[in-house]
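Student: My structure is below; once you've seen it, I'll send some questions.
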Amino acid sequence: MKFNTFGRAATVRTSLLAGAAALALPAAAQAQDTDADFDDEGAGVEAPVNSNVIVVTATKREQTLQETPVAVSVTSAETIEQAQIRDVSDLATVVPSLQVSQNQSSFATSYSVRGFGTDGNNIGLEPSVAMFVDGVYRSRAVSQISDLPDIQRVEVLRGPQSTLFGKNASAGVISIVTKEPQFDFGGMVEASYGNYDAMVVKGFVTGPISDSVAFSAGAGINKRDGFLTNGANGEDINDRDRWFTRGQLLFDNGGPLRVRVIGDYDKIEERCCGVLNVAPSAEIGAIQLLGGQVNDFRNNPDGDVVFTDVDPINEVENYGISGQIDYEFGALTLTSITAYRKTKLAADQDVDFTSLDAVSGANIGDADIDTFTQELRIASDFDGPLNFLVGGYYFDEQVDTSDQIVYGNGFRPFANLLLQGATGGTQTVDTLEATLSALNGTDYTGQFFAAGQGFFNNIVQDNEAFSIFGNVDFEITDRLVLTLGANYTKDKKQIVTNSTSTDVFSNIDLVASGNTAIFAQGLATQVGSLLSLGRPATQAEIGAFAGANPAAFAQVSAGVQAFADANDTDPAVNSLLALTPFQFLPPLQNCPNAVEDCSTDDDDWSWNVRLAYEVTPTLNVYASWATGYKAPSFNLSRDSRPLPADFAALQAQGLAVTNLRPGTRFANAENSEVYEVGIKGNWSRAAANLTFFQQSIEDFQANTFTGTSFILSNAGKQETFGVEFDGQFYASDSLTLSVAMTYLDAQYDSFVASPVGDLSGEPVAGVPELSAVLGAQYNKEINSRGDRIILRGDFAYSSPVQMVNGLTNFIVVDPATGARDFGPARAAAAAYKREVNNLNASFTYAFDMGLELSVWARNLLDDRYLTTVFPAVAQGQAISGYPNQPRTYGVAARFRF
């Protein structure tokens, strides 16, 4: 893997992309007008190969994409098949406003739209971009990271969608719509083989059971070797091993009642995710001295070898059942969607990302998520000027999560080397044990940093929420429609924690131990002075002095104790405080407790106002204002600590556990707002959408890795101005050209207390200014039998962007005052940028009898980069990072019947 270079080439590329968009929009505007044909139920009739009639349900009503006054990107089943898009992560290559990242584990998948998204490393954080599959909410990103099933389309709704989608849609929605069972027998089977020994087999069959009941059943497997190798044991890392199955029943006898039942199951068991040591530090020498190996990016520029003593096994199991009932009462339709889902997670992982047997564990070790949802809504379809949709939503979920960090056999000698380095060779683990044994009257011999010690955490969360929502459409004129929407959400959460630290050294009170040391040293000095010894007195001499001079000894003792009490928190006096960084796993305060009830009870109103105007039958414009809401989130990790005010109260009441530090037990609710203006055109040979928006989120829930822990915090306000354009030009009956572009100017209006200092006014890291997808498809009938050739390609580009706002292991702390200098942390991060140049292509020969043969490639240019960087664990100022997926290619055969 080689770092990208920036400069004139990037500038030229940006100019070319901007020019492509400028050419596409006039081309669309000059195309001829046409009206789309629809059947009696409003669904699009079968269209020619290059039809630009797209039906979506972004507003929970069937409308054409042009008629829908919402910023929405639609990816069709054809695109998913031809581009070999396997899962939601691959969608980012065709939807420039969507970013998908997968970092520490399969669980740590996160989605962001328009630069707004939630880190997936904390199971307590629900995404700001809500995921729905066939109308059913998936509360965590991990619940839909497996391969996509029988897809009809994927809609990505941009901006707050809380008025219709309720819970936690403050930044957007990803809605996956699958194919319904059909009353005509048919199906598809597909097999693909590619490099890294990749094998994909999937298919589905559908047909009638009776005149009124149809079924469909699908399944698939996806296996691939890893593109990284563990140099410690030769195992593949970042492989694929997943499968799914899915079944549906549809009751539809042509009457007012329609019922659809869906059951699905999927499982993932993979080694994820490989970590590269991008910038080693001096600590690499200590690791190597103890026999450990570290991936040194300088000697391995292609980044294909990593070192870890723990196979990073990730297991994800998802299953669920849902039922949708639609019943028509004349012009009214009642819809009920009931669902139960279960997600089970299990992982083991290296923590230090070296082959040294030092530390293992996982930020999310095991978790069970049980979710029940119920939506009930009624929608009108009147001929008059007024129509409405009103409904209610209920959500009930239990999360049981556990994680642990455990010291291995190599950690004690590693800590010994670090300790000697920190103390200039004056202290070792053995001498430290002897010192503290004498001070505390406890034998610590062999107990510090011993194998098997660690931190063991279990947290249970109950979450119950309900919302009431409604939208009203009023036709002011035949062409002008006013939409008013509202949603009231009430969300309750309760957590119970059970955390235990068995790390002996982390449980020692260095303030109290230092107090004892200061007193002993001060008393010996004072008595030695009184006895004119010219040196500190021995214990025997102190005892003799106390026996002969009890009054004087009592006075001296009281003075020395007062000095110790006044100075035991001063690092200049209490030298033991310098060892605080070696208390890696201090105990946490379990809750509920006398100060913290560890529950939230929050509610909020979200609003939407929109004006949509039909300029011509082929050109629509709209303007909207909307707000969104995401409920407060608890920190369900080993870093769940009392907020500063609660911490102070615990200390004041003498309830705080040893070495407790304040932190973030939970994050406040997010509140988003967007002002948006859009133009949508659809002509016979072209289509184009242009959107301008100003979007903000107050109290954005940020989750930042510091090298030893995750800090959950609320950013005061994150704001983005953006422009989105997507267009298609049907150059001929066979050739379709497309362009989609997103410009984002994202910054923190206010983020005073970020882990890397005040970020107010700074750009938001990881959000590229320009993202674009250029595509072309040639679909041509080549003979009298009706055989076709389909040539497709797309190029996804993201402009250079700084990956993180700061690297916390570069923060400089003044040992005397505790003041923190964040400048070096920000400067270190500025050097790491990411640029994306991703070319995908496929060629398909489609026989008229249903067989299709394809060759395909993703990331054809083998564009390699780091998706993000972070402070290496327990390695000083070392920097680690996650690599992207390399070039993949293969052949596929698909048969439709």
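Quick note on naming: the chains in the structure tokens go A, B, ... in the order shown, residues restart at 1 in each chain, and ligands are numbered from 1 in order of appearance.
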Could you find all residues in region 487-633 of chain A that DSSP calls strand (DSSP E or B) from the backbone, and write them as an MDAnalysis selection string?
Tutor: chainID A and resid 487:501 599:616 619:630 633
Student: Would you export the selected residues with C-alpha atoms as a PDB file, in the first residue's frame, please?
Tutor:
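Printed below is out_11.pdb as written:
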ATOM      1  CA  ASN A 487     -43.226  13.474  14.858  1.00  0.00           C
ATOM      2  CA  TYR A 488     -43.309  13.152  18.628  1.00  0.00           C
ATOM      3  CA  THR A 489     -40.856  10.627  20.073  1.00  0.00           C
ATOM      4  CA  LYS A 490     -40.446   9.497  23.658  1.00  0.00           C
ATOM      5  CA  ASP A 491     -37.421   7.373  24.472  1.00  0.00           C
ATOM      6  CA  LYS A 492     -36.523   5.666  27.769  1.00  0.00           C
ATOM      7  CA  LYS A 493     -33.279   3.840  28.548  1.00  0.00           C
ATOM      8  CA  GLN A 494     -32.002   2.086  31.660  1.00  0.00           C
ATOM      9  CA  ILE A 495     -28.609   0.446  32.067  1.00  0.00           C
ATOM     10  CA  VAL A 496     -27.117  -1.780  34.755  1.00  0.00           C
ATOM     11  CA  THR A 497     -23.338  -2.257  34.783  1.00  0.00           C
ATOM     12  CA  ASN A 498     -21.231  -4.982  36.338  1.00  0.00           C
ATOM     13  CA  SER A 499     -17.561  -4.121  35.866  1.00  0.00           C
ATOM     14  CA  THR A 500     -14.570  -5.676  37.627  1.00  0.00           C
ATOM     15  CA  SER A 501     -10.866  -4.887  37.371  1.00  0.00           C
ATOM     16  CA  SER A 599     -31.553   6.049  33.143  1.00  0.00           C
ATOM     17  CA  THR A 600     -32.819   8.545  30.599  1.00  0.00           C
ATOM     18  CA  ASP A 601     -36.359   9.664  29.860  1.00  0.00           C
ATOM     19  CA  ASP A 602     -36.318  11.974  26.867  1.00  0.00           C
ATOM     20  CA  ASP A 603     -38.798  13.251  24.315  1.00  0.00           C
ATOM     21  CA  ASP A 604     -38.746  15.531  21.314  1.00  0.00           C
ATOM     22  CA  TRP A 605     -40.825  16.992  18.477  1.00  0.00           C
ATOM     23  CA  SER A 606     -39.499  16.890  14.906  1.00  0.00           C
ATOM     24  CA  TRP A 607     -40.985  18.993  12.133  1.00  0.00           C
ATOM     25  CA  ASN A 608     -41.050  19.223   8.366  1.00  0.00           C
ATOM     26  CA  VAL A 609     -42.357  21.968   6.082  1.00  0.00           C
ATOM     27  CA  ARG A 610     -42.051  21.599   2.321  1.00  0.00           C
ATOM     28  CA  LEU A 611     -43.300  23.378  -0.783  1.00  0.00           C
ATOM     29  CA  ALA A 612     -43.166  21.460  -4.045  1.00  0.00           C
ATOM     30  CA  TYR A 613     -43.941  23.088  -7.383  1.00  0.00           C
ATOM     31  CA  GLU A 614     -44.391  21.411 -10.763  1.00  0.00           C
ATOM     32  CA  VAL A 615     -42.864  23.916 -13.191  1.00  0.00           C
ATOM     33  CA  THR A 616     -43.644  21.658 -16.160  1.00  0.00           C
ATOM     34  CA  LEU A 619     -39.470  19.688 -14.122  1.00  0.00           C
ATOM     35  CA  ASN A 620     -40.212  19.954 -10.399  1.00  0.00           C
ATOM     36  CA  VAL A 621     -38.731  22.180  -7.708  1.00  0.00           C
ATOM     37  CA  TYR A 622     -39.078  22.078  -3.945  1.00  0.00           C
ATOM     38  CA  ALA A 623     -37.917  23.880  -0.828  1.00  0.00           C
ATOM     39  CA  SER A 624     -38.020  22.365   2.637  1.00  0.00           C
ATOM     40  CA  TRP A 625     -37.128  22.866   6.270  1.00  0.00           C
ATOM     41  CA  ALA A 626     -36.897  19.845   8.513  1.00  0.00           C
ATOM     42  CA  THR A 627     -35.621  18.851  11.917  1.00  0.00           C
ATOM     43  CA  GLY A 628     -34.499  15.475  13.203  1.00  0.00           C
ATOM     44  CA  TYR A 629     -33.877  13.750  16.501  1.00  0.00           C
ATOM     45  CA  LYS A 630     -31.720  10.966  17.858  1.00  0.00           C
ATOM     46  CA  SER A 633     -27.049   7.187  24.089  1.00  0.00           C
TER      47      SER A 633
END
Student: Residues near Leu770 (chain A), anyone? I mean within 12 Å using only C-alpha atoms, not counting same-chain ones fewer than 2 positions away, as a PyMOL selection string.
Tutor: chain A and resi 10-11+13-15+17-18+96-97+114-115+722-725+740-746+766-768+772-773+796-801+835-836
Student: Using N, CA and C atoms, can you export the residues from the last selection as an mmCIF file, in the first residue's frame?
Tutor:
data_model
loop_
_atom_site.group_PDB
_atom_site.id
_atom_site.type_symbol
_atom_site.label_atom_id
_atom_site.label_comp_id
_atom_site.auth_asym_id
_atom_site.auth_seq_id
_atom_site.Cartn_x
_atom_site.Cartn_y
_atom_site.Cartn_z
ATOM 1 N N ALA A 10 -4.386 16.135 -8.421
ATOM 2 C CA ALA A 10 -5.688 16.167 -7.758
ATOM 3 C C ALA A 10 -6.496 17.367 -8.215
ATOM 4 N N THR A 11 -5.845 18.500 -8.403
ATOM 5 C CA THR A 11 -6.534 19.710 -8.851
ATOM 6 C C THR A 11 -7.110 19.527 -10.247
ATOM 7 N N ARG A 13 -7.874 16.672 -11.670
ATOM 8 C CA ARG A 13 -8.950 15.689 -11.597
ATOM 9 C C ARG A 13 -10.241 16.342 -11.104
ATOM 10 N N THR A 14 -10.131 17.208 -10.087
ATOM 11 C CA THR A 14 -11.298 17.911 -9.575
ATOM 12 C C THR A 14 -11.922 18.799 -10.643
ATOM 13 N N SER A 15 -11.092 19.470 -11.406
ATOM 14 C CA SER A 15 -11.595 20.339 -12.469
ATOM 15 C C SER A 15 -12.332 19.533 -13.526
ATOM 16 N N LEU A 17 -13.888 16.662 -13.113
ATOM 17 C CA LEU A 17 -15.164 16.203 -12.567
ATOM 18 C C LEU A 17 -16.182 17.326 -12.561
ATOM 19 N N ALA A 18 -15.749 18.523 -12.165
ATOM 20 C CA ALA A 18 -16.661 19.654 -12.170
ATOM 21 C C ALA A 18 -17.132 19.965 -13.582
ATOM 22 N N PRO A 96 -22.281 8.913 -3.943
ATOM 23 C CA PRO A 96 -21.205 9.755 -3.391
ATOM 24 C C PRO A 96 -21.532 10.388 -2.048
ATOM 25 N N SER A 97 -22.806 10.578 -1.704
ATOM 26 C CA SER A 97 -23.147 11.171 -0.409
ATOM 27 C C SER A 97 -23.048 10.171 0.737
ATOM 28 N N ARG A 114 -23.856 12.729 3.924
ATOM 29 C CA ARG A 114 -23.517 14.150 3.945
ATOM 30 C C ARG A 114 -22.515 14.489 5.058
ATOM 31 N N GLY A 115 -21.684 13.509 5.418
ATOM 32 C CA GLY A 115 -20.673 13.742 6.444
ATOM 33 C C GLY A 115 -21.156 13.529 7.855
ATOM 34 N N GLY A 722 -23.840 22.076 1.506
ATOM 35 C CA GLY A 722 -23.545 21.136 0.450
ATOM 36 C C GLY A 722 -24.340 21.357 -0.820
ATOM 37 N N VAL A 723 -23.811 20.804 -1.892
ATOM 38 C CA VAL A 723 -24.471 20.789 -3.193
ATOM 39 C C VAL A 723 -24.391 19.357 -3.715
ATOM 40 N N GLU A 724 -25.533 18.822 -4.144
ATOM 41 C CA GLU A 724 -25.581 17.465 -4.682
ATOM 42 C C GLU A 724 -26.183 17.505 -6.083
ATOM 43 N N PHE A 725 -25.545 16.773 -6.969
ATOM 44 C CA PHE A 725 -26.062 16.683 -8.337
ATOM 45 C C PHE A 725 -25.977 15.242 -8.799
ATOM 46 N N ALA A 740 -22.793 11.630 -10.684
ATOM 47 C CA ALA A 740 -23.322 12.019 -9.379
ATOM 48 C C ALA A 740 -22.190 12.677 -8.612
ATOM 49 N N MET A 741 -22.465 13.863 -8.071
ATOM 50 C CA MET A 741 -21.424 14.610 -7.390
ATOM 51 C C MET A 741 -21.967 15.222 -6.110
ATOM 52 N N THR A 742 -21.118 15.295 -5.103
ATOM 53 C CA THR A 742 -21.472 15.916 -3.832
ATOM 54 C C THR A 742 -20.338 16.825 -3.387
ATOM 55 N N TYR A 743 -20.684 18.072 -3.115
ATOM 56 C CA TYR A 743 -19.732 19.018 -2.523
ATOM 57 C C TYR A 743 -20.159 19.269 -1.091
ATOM 58 N N LEU A 744 -19.239 19.124 -0.148
ATOM 59 C CA LEU A 744 -19.545 19.304 1.263
ATOM 60 C C LEU A 744 -18.524 20.233 1.913
ATOM 61 N N ASP A 745 -19.013 21.225 2.600
ATOM 62 C CA ASP A 745 -18.173 22.085 3.424
ATOM 63 C C ASP A 745 -18.602 21.842 4.866
ATOM 64 N N ALA A 746 -17.935 20.882 5.522
ATOM 65 C CA ALA A 746 -18.337 20.438 6.859
ATOM 66 C C ALA A 746 -17.384 20.995 7.901
ATOM 67 N N GLY A 766 -12.346 13.456 7.888
ATOM 68 C CA GLY A 766 -12.954 12.309 7.238
ATOM 69 C C GLY A 766 -14.064 12.622 6.273
ATOM 70 N N VAL A 767 -14.440 13.905 6.144
ATOM 71 C CA VAL A 767 -15.521 14.295 5.236
ATOM 72 C C VAL A 767 -14.905 14.986 4.024
ATOM 73 N N PRO A 768 -14.808 14.313 2.874
ATOM 74 C CA PRO A 768 -14.167 14.929 1.706
ATOM 75 C C PRO A 768 -14.982 16.095 1.168
ATOM 76 N N ALA A 772 -17.533 12.095 -6.083
ATOM 77 C CA ALA A 772 -18.196 11.974 -7.381
ATOM 78 C C ALA A 772 -18.165 10.542 -7.870
ATOM 79 N N VAL A 773 -19.183 10.191 -8.648
ATOM 80 C CA VAL A 773 -19.233 8.903 -9.338
ATOM 81 C C VAL A 773 -19.590 9.177 -10.786
ATOM 82 N N ALA A 796 -15.355 6.132 -8.931
ATOM 83 C CA ALA A 796 -15.691 6.866 -7.716
ATOM 84 C C ALA A 796 -14.467 7.628 -7.238
ATOM 85 N N TYR A 797 -14.677 8.892 -6.953
ATOM 86 C CA TYR A 797 -13.573 9.760 -6.539
ATOM 87 C C TYR A 797 -13.956 10.522 -5.282
ATOM 88 N N SER A 798 -13.004 10.626 -4.338
ATOM 89 C CA SER A 798 -13.152 11.494 -3.171
ATOM 90 C C SER A 798 -11.889 12.318 -3.040
ATOM 91 N N SER A 799 -12.052 13.599 -2.887
ATOM 92 C CA SER A 799 -10.910 14.498 -2.808
ATOM 93 C C SER A 799 -10.120 14.260 -1.524
ATOM 94 N N PRO A 800 -8.860 14.680 -1.478
ATOM 95 C CA PRO A 800 -8.030 14.463 -0.288
ATOM 96 C C PRO A 800 -8.677 15.062 0.959
ATOM 97 N N VAL A 801 -8.659 14.306 2.038
ATOM 98 C CA VAL A 801 -9.262 14.764 3.283
ATOM 99 C C VAL A 801 -8.429 14.253 4.450
ATOM 100 N N GLU A 835 -7.296 9.925 -0.134
ATOM 101 C CA GLU A 835 -7.912 10.238 -1.418
ATOM 102 C C GLU A 835 -8.371 8.925 -2.039
ATOM 103 N N VAL A 836 -9.526 8.950 -2.684
ATOM 104 C CA VAL A 836 -10.092 7.721 -3.258
ATOM 105 C C VAL A 836 -10.214 7.871 -4.770
#
Student: Show me, as a list in words, the residues that have an atom within 8 Å of Asp150 (chain A) when counting only C-alpha atoms, minus same-chain residues fewer than 4 positions from it.
Tutor: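 Counting only C-alpha atoms, the residues come to Thr178, Lys179, Phe204 and Gly218 of chain A.
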Student: Please dump the current selection as a short mmCIF file (atom, residue, chain, number, x, y, z; two decimals), in the first residue's frame; keep C-alpha atoms.
Tutor:
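Written file, part-v2.cif:
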data_model
loop_
_atom_site.label_atom_id
_atom_site.label_comp_id
_atom_site.auth_asym_id
_atom_site.auth_seq_id
_atom_site.Cartn_x
_atom_site.Cartn_y
_atom_site.Cartn_z
CA THR A 178 -36.47 -6.55 -1.58
CA LYS A 179 -38.46 -8.28 -4.30
CA PHE A 204 -33.79 -17.41 -5.27
CA GLY A 218 -33.37 -17.32 -1.40
#
Student: Of the candidates A:Ala415, A:Leu531, A:Ala688, A:Ile151, which one gets nearest to Glu78 (chain A) if we count only C-alpha atoms?
Tutor: A:Ile151
Student: Identify, on the basis of only C-alpha atoms, every residue whose closest approach to Phe563 (chain A) does not exceed 9 Å; exclude the query and any residue fewer than 4 positions from it along the same chain; express the result as a ChimeraX atom specification.
Tutor: /A:518-519,522,558-559,567-568
Student: Selected residues, C-alpha atoms, written as a PDB file, in the first residue's frame, please.
Tutor:
ATOM      1  CA  ILE A 518       5.757  11.303  52.254  1.00  0.00           C
ATOM      2  CA  PHE A 519       4.951  10.847  55.935  1.00  0.00           C
ATOM      3  CA  GLY A 522       9.295  13.439  56.399  1.00  0.00           C
ATOM      4  CA  ALA A 558       1.134  15.888  63.367  1.00  0.00           C
ATOM      5  CA  GLY A 559       3.165  18.415  61.374  1.00  0.00           C
ATOM      6  CA  ASN A 567       0.934  17.536  49.123  1.00  0.00           C
ATOM      7  CA  ASP A 568      -0.001  13.933  48.301  1.00  0.00           C
TER       8      ASP A 568
END
Student: In Å, how far is it from CA of Ala524 (chain A) to CA of Ala578 (chain A)?
Tutor: 23.1 Å
Student: Name the residues in contact with Thr720 (chain A) at a cut-off of 12 Å, using only C-alpha atoms, excluding same-chain residues fewer than 6 positions from it; report them as a compact mmCIF listing (two decimals) with N, CA and C atoms, in the first residue's frame.
Tutor:
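What ended up in part_34.txt:
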# COMPACT_ATOMS: atom_id res chain seq x y z
N VAL A 113 -24.02 9.98 5.98
CA VAL A 113 -24.62 10.63 4.83
C VAL A 113 -24.39 12.13 4.98
N ARG A 114 -23.86 12.73 3.92
CA ARG A 114 -23.52 14.15 3.95
C ARG A 114 -22.51 14.49 5.06
N GLY A 115 -21.68 13.51 5.42
CA GLY A 115 -20.67 13.74 6.44
C GLY A 115 -21.16 13.53 7.86
N PHE A 116 -22.41 13.13 8.05
CA PHE A 116 -22.95 12.89 9.38
C PHE A 116 -23.12 11.39 9.58
N GLY A 159 -30.38 13.67 4.65
CA GLY A 159 -30.91 14.69 5.54
C GLY A 159 -31.85 14.09 6.56
N ALA A 171 -29.76 11.94 10.55
CA ALA A 171 -28.87 12.30 9.45
C ALA A 171 -29.32 11.74 8.11
N SER A 672 -31.06 17.68 14.79
CA SER A 672 -30.58 18.11 13.49
C SER A 672 -31.58 19.04 12.83
N GLU A 673 -31.09 19.80 11.86
CA GLU A 673 -31.92 20.76 11.13
C GLU A 673 -31.34 20.92 9.73
N VAL A 674 -32.21 21.02 8.75
CA VAL A 674 -31.75 21.21 7.38
C VAL A 674 -32.66 22.17 6.64
N TYR A 675 -32.04 23.03 5.85
CA TYR A 675 -32.74 23.87 4.86
C TYR A 675 -32.29 23.38 3.50
N GLU A 676 -33.26 23.10 2.64
CA GLU A 676 -32.93 22.40 1.39
C GLU A 676 -33.76 22.95 0.24
N PHE A 692 -29.37 21.94 -3.09
CA PHE A 692 -28.55 22.79 -2.24
C PHE A 692 -29.08 22.65 -0.81
N PHE A 693 -28.17 22.54 0.16
CA PHE A 693 -28.65 22.37 1.53
C PHE A 693 -27.68 22.97 2.54
N GLN A 694 -28.25 23.33 3.66
CA GLN A 694 -27.49 23.74 4.85
C GLN A 694 -28.01 22.87 6.00
N GLN A 695 -27.14 21.99 6.51
CA GLN A 695 -27.57 21.01 7.49
C GLN A 695 -26.68 21.09 8.73
N SER A 696 -27.29 20.92 9.90
CA SER A 696 -26.52 20.97 11.14
C SER A 696 -27.06 19.93 12.12
N ILE A 697 -26.18 19.49 13.01
CA ILE A 697 -26.56 18.63 14.13
C ILE A 697 -25.99 19.22 15.41
N GLU A 698 -26.86 19.51 16.35
CA GLU A 698 -26.41 19.96 17.67
C GLU A 698 -26.23 18.76 18.58
N THR A 742 -21.12 15.29 -5.10
CA THR A 742 -21.47 15.92 -3.83
C THR A 742 -20.34 16.82 -3.39
N TYR A 743 -20.68 18.07 -3.12
CA TYR A 743 -19.73 19.02 -2.52
C TYR A 743 -20.16 19.27 -1.09
N LEU A 744 -19.24 19.12 -0.15
CA LEU A 744 -19.54 19.30 1.26
C LEU A 744 -18.52 20.23 1.91
N ASP A 745 -19.01 21.22 2.60
CA ASP A 745 -18.17 22.09 3.42
C ASP A 745 -18.60 21.84 4.87
N ALA A 746 -17.94 20.88 5.52
CA ALA A 746 -18.34 20.44 6.86
C ALA A 746 -17.38 21.00 7.90
N GLN A 747 -17.94 21.58 8.95
CA GLN A 747 -17.09 22.09 10.01
C GLN A 747 -17.81 22.01 11.36
N TYR A 748 -17.02 22.10 12.41
CA TYR A 748 -17.58 22.19 13.75
C TYR A 748 -17.81 23.66 14.08
N ASP A 749 -19.06 24.03 14.22
CA ASP A 749 -19.34 25.38 14.71
C ASP A 749 -18.90 25.51 16.16
N GLY A 761 -14.80 25.81 14.62
CA GLY A 761 -14.34 26.46 13.40
C GLY A 761 -13.46 25.59 12.53
N GLU A 762 -13.17 24.36 12.97
CA GLU A 762 -12.29 23.46 12.22
C GLU A 762 -13.11 22.56 11.30
N PRO A 763 -12.52 22.14 10.16
CA PRO A 763 -13.22 21.17 9.31
C PRO A 763 -13.40 19.84 10.03
N VAL A 764 -14.45 19.12 9.66
CA VAL A 764 -14.70 17.80 10.24
C VAL A 764 -13.84 16.78 9.50
N VAL A 767 -14.44 13.90 6.14
CA VAL A 767 -15.52 14.29 5.24
C VAL A 767 -14.91 14.99 4.02
N PRO A 768 -14.81 14.31 2.87
CA PRO A 768 -14.17 14.93 1.71
C PRO A 768 -14.98 16.09 1.17
N GLU A 769 -14.29 17.08 0.66
CA GLU A 769 -14.98 18.24 0.09
C GLU A 769 -15.74 17.86 -1.17
Student: Excluding Ala77 (chain A) and any residue of its chain fewer than 3 positions from it, enumerate the residues within 7 Å of it, using only C-alpha atoms, and give them as an mmCIF file with N, CA and C atoms, in the first residue's frame.
Tutor:
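As a result, result.cif now contains:
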data_model
loop_
_atom_site.group_PDB
_atom_site.id
_atom_site.type_symbol
_atom_site.label_atom_id
_atom_site.label_comp_id
_atom_site.auth_asym_id
_atom_site.auth_seq_id
_atom_site.Cartn_x
_atom_site.Cartn_y
_atom_site.Cartn_z
ATOM 1 N N ILE A 80 -26.735 -3.226 -8.929
ATOM 2 C CA ILE A 80 -26.148 -4.078 -7.896
ATOM 3 C C ILE A 80 -25.578 -5.353 -8.504
ATOM 4 N N GLU A 81 -26.287 -5.940 -9.468
ATOM 5 C CA GLU A 81 -25.811 -7.164 -10.096
ATOM 6 C C GLU A 81 -24.604 -6.899 -10.990
ATOM 7 N N ILE A 151 -32.660 -8.099 -4.074
ATOM 8 C CA ILE A 151 -32.893 -6.658 -4.009
ATOM 9 C C ILE A 151 -33.768 -6.181 -5.154
ATOM 10 N N GLN A 152 -34.699 -5.302 -4.840
ATOM 11 C CA GLN A 152 -35.418 -4.557 -5.866
ATOM 12 C C GLN A 152 -34.766 -3.203 -6.072
ATOM 13 N N ARG A 153 -34.414 -2.543 -4.957
ATOM 14 C CA ARG A 153 -33.688 -1.280 -5.034
ATOM 15 C C ARG A 153 -33.212 -0.910 -3.627
#
Student: Can you pull out the residues contacting Glu541 (chain A)? Cut-off 12 Å, using only C-alpha atoms, and skip same-chain residues under 2 positions away; I want them as an MDAnalysis selection string.
Tutor: chainID A and resid 523:533 535:539 543:549 553
Student: Please determine, counting only C-alpha atoms, which residue among A:Asp639, A:Gly384, A:Asp326, A:Ala520 has the shortest atom-to-atom distance to Phe455 (chain A).
Tutor: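 The shortest atom-to-atom distance to Phe455 (chain A) comes from A:Asp639.
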Student: Which one is closest to Phe183 (chain A): A:Asp462, A:Asp726, A:Asp814, A:Asp252? Count only C-alpha atoms.
Tutor: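 Of A:Asp462, A:Asp726, A:Asp814, A:Asp252, the one nearest Phe183 (chain A), counting only C-alpha atoms, is A:Asp252.
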Student: Determine the nearest neighbour of Pro871 (chain A) from the options A:Gln404, A:Gln102, A:Ser709, A:Gln583, counting only C-alpha atoms.
Tutor: A:Ser709
Student: For the interface of region 431-505 of chain A with region 388-398 of chain A (cut-off 7 Å, counting only C-alpha atoms), please tabulate each contacting residue of region 431-505 of chain A alongside its nearest pair of atoms and their separation in Å to one decimal, rows sorted by chain and increasing number, as CSV.
Tutor:
residue,atom,partner,partner_atom,distance
A:Gln461,CA,A:Gln398,CA,5.7
A:Asp462,CA,A:Gln398,CA,4.7
A:Asn463,CA,A:Glu397,CA,5.2
A:Glu464,CA,A:Asp396,CA,4.6
A:Ala465,CA,A:Phe395,CA,5.0
A:Phe466,CA,A:Tyr394,CA,4.4
A:Ser467,CA,A:Tyr393,CA,5.1
A:Ile468,CA,A:Gly392,CA,4.4
A:Phe469,CA,A:Gly391,CA,5.4
A:Gly470,CA,A:Val390,CA,4.0
A:Asn471,CA,A:Leu389,CA,5.2
A:Val472,CA,A:Phe388,CA,4.3
A:Asp473,CA,A:Phe388,CA,6.0
Student: Quick one, how far is CA of Val88 (chain A) from CA of Ala141 (chain A)?
Tutor: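 Computing it gives 9.7 Å between the two atoms.
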Student: I need the residue nearest Gln589 (chain A) from this list: A:Gly172, A:Gly441, A:Pro642, A:Pro385. Use only C-alpha atoms for the distance.
Tutor: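 With only C-alpha atoms as the atom set, the closest residue is A:Pro642.
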Student: What residues in region 224-334 of chain A get the DSSP label alpha helix (DSSP H)? Please answer as a PDB file with C-alpha atoms, in the first residue's frame.
Tutor:
ATOM      1  CA  GLU A 283       8.503   1.154  21.981  1.00  0.00           C
ATOM      2  CA  ILE A 284       8.855  -1.093  18.934  1.00  0.00           C
ATOM      3  CA  GLY A 285      12.338  -1.901  20.198  1.00  0.00           C
ATOM      4  CA  ALA A 286      10.957  -3.167  23.504  1.00  0.00           C
ATOM      5  CA  ILE A 287       8.449  -5.381  21.695  1.00  0.00           C
ATOM      6  CA  GLN A 288      11.124  -6.820  19.425  1.00  0.00           C
ATOM      7  CA  LEU A 289      13.497  -7.315  22.353  1.00  0.00           C
TER       8      LEU A 289
END
Student: Looking at only C-alpha atoms, which of A:Ala71, A:Leu860, A:Leu417, A:Val316 is the one that sits closest to Leu690 (chain A)?
Tutor: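 Going through A:Ala71, A:Leu860, A:Leu417, A:Val316 one by one, the smallest distance to Leu690 (chain A) is for A:Ala71.
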